[in-house]
Amino acid sequence: MKKKKKRRKNGTLRVLPILLILLLAGGAVGIVLLGKLYSQNSDRRARAALLEHNQKLLGQVTREVPELIMEEAADRNEEARGLQEAWQQMWPEEIEVTAGNQEGFATIERCEISSEDAGKVVISGSMKGIPKSDDRRLYIFNIAVYQKGLSEGQKPISSVRKSDDQFSFTVNLNYKQAGSRLFDKFAVGIKQNGEYVLLSGQSYITNPEAMAKYQYAHPKAASIKGLLVDPHKLNSGELQDLGVKQAAYNIMLGRVVGQTSSANYPTIHYQYNGKTYAFNGQTIAEYDIVFSRLTSMGIQTTAILLNDWNSGHLDLIHPEARSAGKCQYYMFNAADKDGVDYLAAAATFLAERYSGTGHGQVTSWVIANEINARAEWNYYPAVDVKSYTEAYADGFRVFYNAIKSVNANAKVYMPIDQTWNRNLKSGAYDGRDVLDHFNAYIREYGNIDWDLSQHPYPVPLTHAAFWNMPSNYRRMNLITYTADSPMVNIQNINVVTDYLQREEFLNPQGEVRSVTLSEVGFTSTSGEAVQAAAYAYAYYIAEANSHIDALLLNRQTDAAAELAQGLALGICHTDGSHKQIYNVFKHIDTNQSQEVTGFAKRIIGISSWSEVIRHY
C-alpha cells in the first residue's frame, strides 16, 4: 500500500500562487544573470555549467509548482469527502413519503397568535421523521375556510430548513388588513417531484382572543333567571319589577346588512380587511336601544344571530341553501370567499359595537337556532348529518374567531333543541349526532372554547306538565336518564351536561363546557297554575346543575303566531295583564322563593323539592 505523503500545513494552497510568482521571478533573474555571464565568458566549460544551472532552475519551476498544487487539492478533496461522510452519518435517514404514510406524517400541535408579538402566528409541531423531498425545506401554507386542500398552483407563505422531526414557523397575521389570516387554516408540506404536497392536517388559529381589545372577565349574573324580552316594554319598568338578571334577544343578520335611505339613521360604512361594508343604520339604531337599555339595567345579554332571507345579500346564505321560502332562517355561508368575508366583517362589527362602547354590551352569542332542525330553523338541502354539521361548523368558526378577536371572554354557543337520540335522518337530525360531529370537526381543526345552547322544551310542546306526559308519549319511553334518551326536556337535562363531561368534549383547559338554556317555555293553555308550577320545577332543576349558565324563559309577552299553535308561552297576556307565573318568576331567585312556589308541589305531586331535584 502506498504511503501517503506527509500533509502540509493548512493554508498551503492559499500561498502557492505567491510562491509561484517568486519562483518564476527568481528564475527570470537567474536567466538574465546567467545570460550576462554567458556573454562575458568564452570558456566553453563555464558556458556549459551556466546553461545546465539555468535548465535545472526552469525545471524546478515547471515541475514542483504543479505538483504542490495537485497534492494540496487532493488533500482538500479528501478532507471534504471526510466531512461529507461524517455529516451523512450524523443526518438521520430520510423517510420516503408515499400515499400510505403521507396523511398524518406531520402533526400541528400549536397554532396560535404569538404572546410576544400579536402580529405573528406561530405554527409548530412534530413529524414521524424527516421526510424525503426535492430539497431540504419544509413549507407552511394558509388555506381558506372554504378550501379542502391546496388550490392549483398555490404557493407556500414561508419555509424552514429540515433539521429534525420538529418544526416551527412564524408568519404574519395581517390582522384587519387585506390578506388577513385570522380565518385561515394552516398546513405543513414539502416539495415532491416538483409539486407541493401536504404532510399535516389543517389547523385554525386557536387563540383569537389574543388580539382582543376588550379583555374584561365574562360577567357572572346574579342568578340564572332570564327572559326573552319584549322590546316594546323596555321602558315600562316591568323588567326591573321582575328582577330579570339575564336576557335573550334575536339579531336578524339579513336586516343588519345593506343600505338605508333614512336621513336620521344613515348607512354605516365599515372598513374591514381592506374592504368597505354597508350596515343598515336604522336597524342598528334599534339594536342600540335594546342593548343599551338592558345594559343600563344591569341585565346580562345574550344575542342570538339568525340568518334571515335578504334577496339583496344572498352571499350570507350558503350557496346550497339559496331557495326562498324554504325556511325562516338559513345556513350561514362559509362556502366561498364572499360569504366568509361578509360574515367575518358583520360579526366583528357587531362584537365591536356591543362590547361596551356606548351602545350596550352583549356578553354571549348564540350562532343560529336549533341547528339540528334543518328543515325548520337552519335550512340546508337534505344530506348526511356529518356533511350538514361540518357546513355549519365552518360558519361557526368564522363567527367565533371574529367575536373572540374583539371580546376575549365573550361566550359563543352552538344551539340544539330537545330532540336528542331518535335516529332522525332527513328533515331533522338528532341533537346528539350533531353535537358529536361538531365536536369532532372542531377538534380536528384546532380545539376552541365553544359552549352549548340547548332548548329543553316539554314533550310535547303543548303539554306544560312535563313531569306527567300524556300516556301515548309515556309509552314511547321518550324521556330516560341515560345518554341514549330519545328526547331531553328540563326533567332529564342532566343527560346533556353528563354527556359533556366526557373527555373528548372538554374544552382546551380541560373543563366541562357550560350550557345555556337559551330558550324554554311552558304554555298556559292548560291553566296558569300548571304553567307557573312547570317554571318553578324547571328553575330548581337548572339551578342545581353547576354546568348551566342560564335559564332564559320564552317569553315576556304571548306572541300571536305561537298562540295560533296552541302555545301561550308568555308571562303576560297580549293585553299586558300578568299571569300567575309572573309572581313566581319575580321571586324565584329571592328569599321568597319557597313561599311563592309552595303551591306547585301539590300540582306536581311532591311534598318537598328535594324529591325531584337531582344532585349534580
# chains A, B, ... in the order shown; residues from 1 in each chain; ligands from 1
call {"tool": "select_by_dssp", "arguments": {"residues": "stretch 291-336 of chain A", "states": "strand (DSSP E or B)", "output": "list in words"}}
result
Gln300, Thr301, Thr302, Ala303, Ile304, Leu305, Leu306, Ile317, Tyr330 and Phe332 of chain A
call {"tool": "residues_around", "arguments": {"residues": "stretch 340-345 of chain A", "least_positions_apart": "5", "cutoff": "8 Å", "atoms": "only C-alpha atoms", "output": "list of chain:residue names"}}
result
A:Val145, A:Tyr272, A:Tyr277, A:Asp315, A:Leu316, A:Asn333, A:Ala334, A:Ala335, A:Gly395, A:Val398, A:Phe399, A:Ala402
call {"tool": "closest_residue", "arguments": {"among": "A:Ile604, A:Leu350, A:Val122, A:Ile493", "to": "A:Asn207", "atoms": "only C-alpha atoms"}}
result
A:Val122
call {"tool": "atom_distance", "arguments": {"atom1": "atom CA of A:Pro508", "atom2": "atom CA of A:Asp451"}}
result
11.7 Å
call {"tool": "closest_residue", "arguments": {"among": "A:Phe522, A:Phe505, A:Phe167, A:Tyr354", "to": "A:Ile490", "atoms": "only C-alpha atoms"}}
result
A:Phe522
call {"tool": "residues_around", "arguments": {"residues": "A:Val488", "least_positions_apart": "4", "cutoff": "12 Å", "atoms": "only C-alpha atoms", "output": "JSON, numbers by chain"}}
result
{"A": [416, 417, 418, 419, 420, 421, 422, 430, 431, 432, 454, 455, 456, 457, 458, 459, 460, 466, 477, 478, 479, 480, 481, 482, 483, 484, 492, 493, 494, 495, 496, 497, 517, 520]}
call {"tool": "write_last_selection", "arguments": {"atoms": "N, CA and C atoms", "output": "short mmCIF file (atom, residue, chain, number, x, y, z; two decimals), in the first residue's frame"}}
result
data_model
loop_
_atom_site.label_atom_id
_atom_site.label_comp_id
_atom_site.auth_asym_id
_atom_site.auth_seq_id
_atom_site.Cartn_x
_atom_site.Cartn_y
_atom_site.Cartn_z
N ILE A 416 -78.78 23.46 19.94
CA ILE A 416 -79.59 22.31 19.54
C ILE A 416 -80.91 22.35 20.31
N ASP A 417 -81.88 21.55 19.85
CA ASP A 417 -83.17 21.53 20.53
C ASP A 417 -83.29 20.28 21.40
N GLN A 418 -84.54 19.91 21.75
CA GLN A 418 -84.76 18.82 22.71
C GLN A 418 -84.73 17.43 22.08
N THR A 419 -84.63 17.34 20.74
CA THR A 419 -84.52 16.02 20.09
C THR A 419 -83.09 15.52 20.25
N TRP A 420 -82.92 14.43 20.98
CA TRP A 420 -81.57 14.00 21.36
C TRP A 420 -81.11 12.75 20.61
N ASN A 421 -81.90 11.68 20.66
CA ASN A 421 -81.41 10.43 20.06
C ASN A 421 -82.58 9.59 19.52
N ARG A 422 -83.24 10.11 18.51
CA ARG A 422 -84.40 9.43 17.93
C ARG A 422 -84.09 8.79 16.57
N ASP A 430 -80.69 14.19 14.97
CA ASP A 430 -80.60 14.09 16.43
C ASP A 430 -79.59 15.10 16.95
N GLY A 431 -79.97 15.77 18.04
CA GLY A 431 -79.05 16.72 18.64
C GLY A 431 -77.74 16.08 19.05
N ARG A 432 -77.78 14.85 19.54
CA ARG A 432 -76.56 14.18 19.96
C ARG A 432 -75.64 13.93 18.78
N GLN A 454 -78.99 24.87 24.61
CA GLN A 454 -79.97 23.78 24.47
C GLN A 454 -81.34 24.28 24.85
N HIS A 455 -82.38 23.74 24.18
CA HIS A 455 -83.76 24.16 24.39
C HIS A 455 -84.58 22.99 24.94
N PRO A 456 -84.67 22.85 26.26
CA PRO A 456 -85.34 21.69 26.85
C PRO A 456 -86.85 21.87 27.03
N TYR A 457 -87.53 22.08 25.92
CA TYR A 457 -88.99 22.25 25.97
C TYR A 457 -89.68 20.95 26.42
N PRO A 458 -90.91 21.07 26.90
CA PRO A 458 -91.69 19.87 27.23
C PRO A 458 -91.94 19.00 26.00
N VAL A 459 -92.22 17.74 26.24
CA VAL A 459 -92.59 16.80 25.18
C VAL A 459 -93.99 16.27 25.48
N PRO A 460 -94.99 16.66 24.68
CA PRO A 460 -94.96 17.59 23.54
C PRO A 460 -94.94 19.04 24.00
N PHE A 466 -94.53 18.72 32.11
CA PHE A 466 -93.53 17.83 31.50
C PHE A 466 -93.26 16.60 32.36
N ASN A 477 -91.57 5.94 25.71
CA ASN A 477 -90.36 5.96 26.54
C ASN A 477 -89.36 7.01 26.01
N LEU A 478 -89.85 8.22 25.79
CA LEU A 478 -89.03 9.27 25.18
C LEU A 478 -88.07 9.94 26.15
N ILE A 479 -88.40 9.90 27.43
CA ILE A 479 -87.56 10.57 28.42
C ILE A 479 -86.95 9.53 29.35
N THR A 480 -85.62 9.38 29.27
CA THR A 480 -84.89 8.50 30.19
C THR A 480 -83.72 9.29 30.76
N TYR A 481 -82.95 8.64 31.62
CA TYR A 481 -81.82 9.32 32.24
C TYR A 481 -80.48 8.74 31.80
N THR A 482 -80.46 8.20 30.61
CA THR A 482 -79.22 7.68 30.03
C THR A 482 -78.84 8.51 28.80
N ALA A 483 -77.62 8.29 28.34
CA ALA A 483 -77.14 9.03 27.16
C ALA A 483 -77.92 8.69 25.90
N ASP A 484 -78.70 7.61 25.93
CA ASP A 484 -79.48 7.19 24.76
C ASP A 484 -80.92 7.69 24.80
N ASN A 492 -84.77 15.82 32.48
CA ASN A 492 -83.56 15.00 32.34
C ASN A 492 -82.43 15.76 31.66
N ILE A 493 -82.35 17.07 31.93
CA ILE A 493 -81.31 17.89 31.32
C ILE A 493 -79.91 17.41 31.69
N ASN A 494 -79.81 16.66 32.79
CA ASN A 494 -78.51 16.13 33.17
C ASN A 494 -77.94 15.18 32.11
N VAL A 495 -78.78 14.62 31.24
CA VAL A 495 -78.28 13.77 30.16
C VAL A 495 -77.29 14.55 29.30
N VAL A 496 -77.60 15.82 29.04
CA VAL A 496 -76.72 16.67 28.22
C VAL A 496 -75.47 17.07 28.99
N THR A 497 -75.64 17.55 30.21
CA THR A 497 -74.46 18.00 30.96
C THR A 497 -73.55 16.84 31.34
N LEU A 517 -79.49 27.41 28.72
CA LEU A 517 -80.82 27.02 28.27
C LEU A 517 -81.45 28.29 27.71
N VAL A 520 -86.65 28.18 26.59
CA VAL A 520 -87.55 27.15 27.12
C VAL A 520 -88.83 27.86 27.54
#
call {"tool": "atom_distance", "arguments": {"atom1": "atom CA of A:Lys185", "atom2": "atom CA of A:Ser405"}}
result
16.0 Å
call {"tool": "closest_residue", "arguments": {"among": "A:Pro381, A:Gly312, A:Gly179, A:Gly356", "to": "A:Met331", "atoms": "only C-alpha atoms"}}
result
A:Pro381
call {"tool": "residues_around", "arguments": {"residues": "A:Ile205", "least_positions_apart": "2", "cutoff": "7 Å", "atoms": "only C-alpha atoms", "output": "MDAnalysis selection string"}}
result
chainID A and resid 111:113 182 203 207:208
call {"tool": "atom_distance", "arguments": {"atom1": "atom CA of A:Tyr441", "atom2": "atom CA of A:Asn507"}}
result
13.7 Å
call {"tool": "residues_around", "arguments": {"residues": "A:Phe279", "least_positions_apart": "3", "cutoff": "6 Å", "atoms": "only C-alpha atoms", "output": "list in words"}}
result
Val256, Val257, Gly258, Thr267 and Ile268 of chain A
call {"tool": "closest_residue", "arguments": {"among": "A:Tyr287, A:Tyr392, A:Tyr146, A:Tyr270", "to": "A:His359", "atoms": "only C-alpha atoms"}}
result
A:Tyr287
call {"tool": "closest_residue", "arguments": {"among": "A:Asp134, A:Lys386, A:Ile224, A:Gln240", "to": "A:Ala538", "atoms": "only C-alpha atoms"}}
result
A:Ile224
call {"tool": "closest_residue", "arguments": {"among": "A:Asp165, A:Glu209, A:Glu503, A:Asp230", "to": "A:Asn554", "atoms": "only C-alpha atoms"}}
result
A:Asp230
call {"tool": "residues_around", "arguments": {"residues": "A:Tyr535", "least_positions_apart": "2", "cutoff": "10 Å", "atoms": "only C-alpha atoms", "output": "list in words"}}
result
Ala464, Ala465, Ile490, Val520, Gly521, Phe522, Ala529, Val530, Gln531, Ala532, Ala533, Tyr537, Ala538, Tyr539, Tyr540, Ile541, Leu551, Leu553, Ile581, Val584, Phe585, Ile588, Thr597 and Ala600 of chain A
call {"tool": "select_by_dssp", "arguments": {"residues": "stretch 208-281 of chain A", "states": "helix (DSSP H, G or I)", "output": "count of residues only"}}
result
17
call {"tool": "decode", "arguments": {"residues": "stretch 203-240 of chain A", "atoms": "N, CA and C atoms", "output": "tab-separated table (two decimals), in the first residue's frame"}}
result
chain	number	residue	atom	x	y	z
A	203	SER	N	-55.01	23.39	10.60
A	203	SER	CA	-55.38	23.94	11.91
A	203	SER	C	-55.66	25.43	11.81
A	204	TYR	N	-56.78	25.82	12.42
A	204	TYR	CA	-57.08	27.25	12.56
A	204	TYR	C	-56.29	27.82	13.74
A	205	ILE	N	-56.22	29.12	13.80
A	205	ILE	CA	-55.72	29.81	14.99
A	205	ILE	C	-56.67	29.50	16.14
A	206	THR	N	-56.14	29.05	17.25
A	206	THR	CA	-57.00	28.63	18.36
A	206	THR	C	-57.09	29.64	19.49
A	207	ASN	N	-56.40	30.76	19.38
A	207	ASN	CA	-56.49	31.79	20.43
A	207	ASN	C	-56.75	33.18	19.84
A	208	PRO	N	-57.82	33.35	19.08
A	208	PRO	CA	-58.10	34.68	18.51
A	208	PRO	C	-58.26	35.76	19.57
A	209	GLU	N	-58.56	35.34	20.80
A	209	GLU	CA	-58.73	36.31	21.90
A	209	GLU	C	-57.45	37.08	22.19
A	210	ALA	N	-56.31	36.59	21.71
A	210	ALA	CA	-55.05	37.30	21.92
A	210	ALA	C	-55.06	38.68	21.27
A	211	MET	N	-55.92	38.89	20.28
A	211	MET	CA	-56.00	40.17	19.59
A	211	MET	C	-57.03	41.12	20.22
A	212	ALA	N	-57.81	40.64	21.17
A	212	ALA	CA	-58.99	41.37	21.64
A	212	ALA	C	-58.64	42.68	22.35
A	213	LYS	N	-59.34	43.71	21.97
A	213	LYS	CA	-59.21	45.00	22.65
A	213	LYS	C	-59.86	44.93	24.03
A	214	TYR	N	-60.96	44.15	24.12
A	214	TYR	CA	-61.70	44.05	25.38
A	214	TYR	C	-61.32	42.75	26.07
A	215	GLN	N	-60.64	42.88	27.21
A	215	GLN	CA	-60.12	41.73	27.92
A	215	GLN	C	-60.80	41.54	29.28
A	216	TYR	N	-61.87	42.26	29.54
A	216	TYR	CA	-62.54	42.13	30.84
A	216	TYR	C	-63.14	40.74	31.00
A	217	ALA	N	-63.24	40.31	32.25
A	217	ALA	CA	-63.77	38.98	32.54
A	217	ALA	C	-65.23	38.88	32.15
A	218	HIS	N	-65.65	37.67	31.78
A	218	HIS	CA	-67.06	37.46	31.47
A	218	HIS	C	-67.87	37.71	32.74
A	219	PRO	N	-68.84	38.62	32.68
A	219	PRO	CA	-69.60	38.94	33.90
A	219	PRO	C	-70.45	37.76	34.35
A	220	LYS	N	-70.50	37.55	35.64
A	220	LYS	CA	-71.31	36.47	36.21
A	220	LYS	C	-72.62	37.05	36.69
A	221	ALA	N	-73.71	36.56	36.14
A	221	ALA	CA	-75.03	37.06	36.52
A	221	ALA	C	-75.36	36.65	37.95
A	222	ALA	N	-76.19	37.45	38.60
A	222	ALA	CA	-76.57	37.19	39.98
A	222	ALA	C	-77.37	35.90	40.12
A	223	SER	N	-78.06	35.50	39.05
A	223	SER	CA	-78.79	34.23	39.07
A	223	SER	C	-78.99	33.76	37.63
A	224	ILE	N	-79.53	32.56	37.48
A	224	ILE	CA	-79.76	32.03	36.13
A	224	ILE	C	-81.06	32.57	35.53
A	225	LYS	N	-81.80	33.37	36.27
A	225	LYS	CA	-83.13	33.82	35.83
A	225	LYS	C	-83.02	34.76	34.63
A	226	GLY	N	-83.61	34.34	33.50
A	226	GLY	CA	-83.55	35.15	32.30
A	226	GLY	C	-84.85	35.11	31.52
A	227	LEU	N	-84.92	35.98	30.51
A	227	LEU	CA	-86.18	36.17	29.79
A	227	LEU	C	-85.92	36.61	28.36
A	228	LEU	N	-86.72	36.09	27.43
A	228	LEU	CA	-86.74	36.62	26.07
A	228	LEU	C	-87.60	37.87	26.11
A	229	VAL	N	-86.94	39.02	26.01
A	229	VAL	CA	-87.62	40.28	26.35
A	229	VAL	C	-88.48	40.80	25.21
A	230	ASP	N	-89.50	41.55	25.60
A	230	ASP	CA	-90.39	42.25	24.67
A	230	ASP	C	-89.84	43.65	24.49
A	231	PRO	N	-89.34	44.01	23.28
A	231	PRO	CA	-88.72	45.33	23.10
A	231	PRO	C	-89.68	46.49	23.32
A	232	HIS	N	-90.98	46.23	23.22
A	232	HIS	CA	-91.96	47.28	23.41
A	232	HIS	C	-92.15	47.63	24.88
A	233	LYS	N	-91.57	46.81	25.76
A	233	LYS	CA	-91.73	47.05	27.19
A	233	LYS	C	-90.42	47.46	27.88
A	234	LEU	N	-89.44	47.86	27.10
A	234	LEU	CA	-88.15	48.20	27.68
A	234	LEU	C	-88.25	49.34	28.70
A	235	ASN	N	-89.14	50.26	28.46
A	235	ASN	CA	-89.27	51.42	29.35
A	235	ASN	C	-90.50	51.35	30.23
A	236	SER	N	-91.10	50.18	30.32
A	236	SER	CA	-92.33	50.03	31.11
A	236	SER	C	-92.05	49.82	32.60
A	237	GLY	N	-90.82	49.50	32.95
A	237	GLY	CA	-90.49	49.20	34.34
A	237	GLY	C	-90.71	47.74	34.70
A	238	GLU	N	-91.23	46.96	33.75
A	238	GLU	CA	-91.57	45.58	34.04
A	238	GLU	C	-90.32	44.72	34.27
A	239	LEU	N	-89.28	44.95	33.49
A	239	LEU	CA	-88.07	44.15	33.66
A	239	LEU	C	-87.44	44.39	35.03
A	240	GLN	N	-87.46	45.65	35.48
A	240	GLN	CA	-86.94	45.94	36.81
A	240	GLN	C	-87.82	45.30	37.89
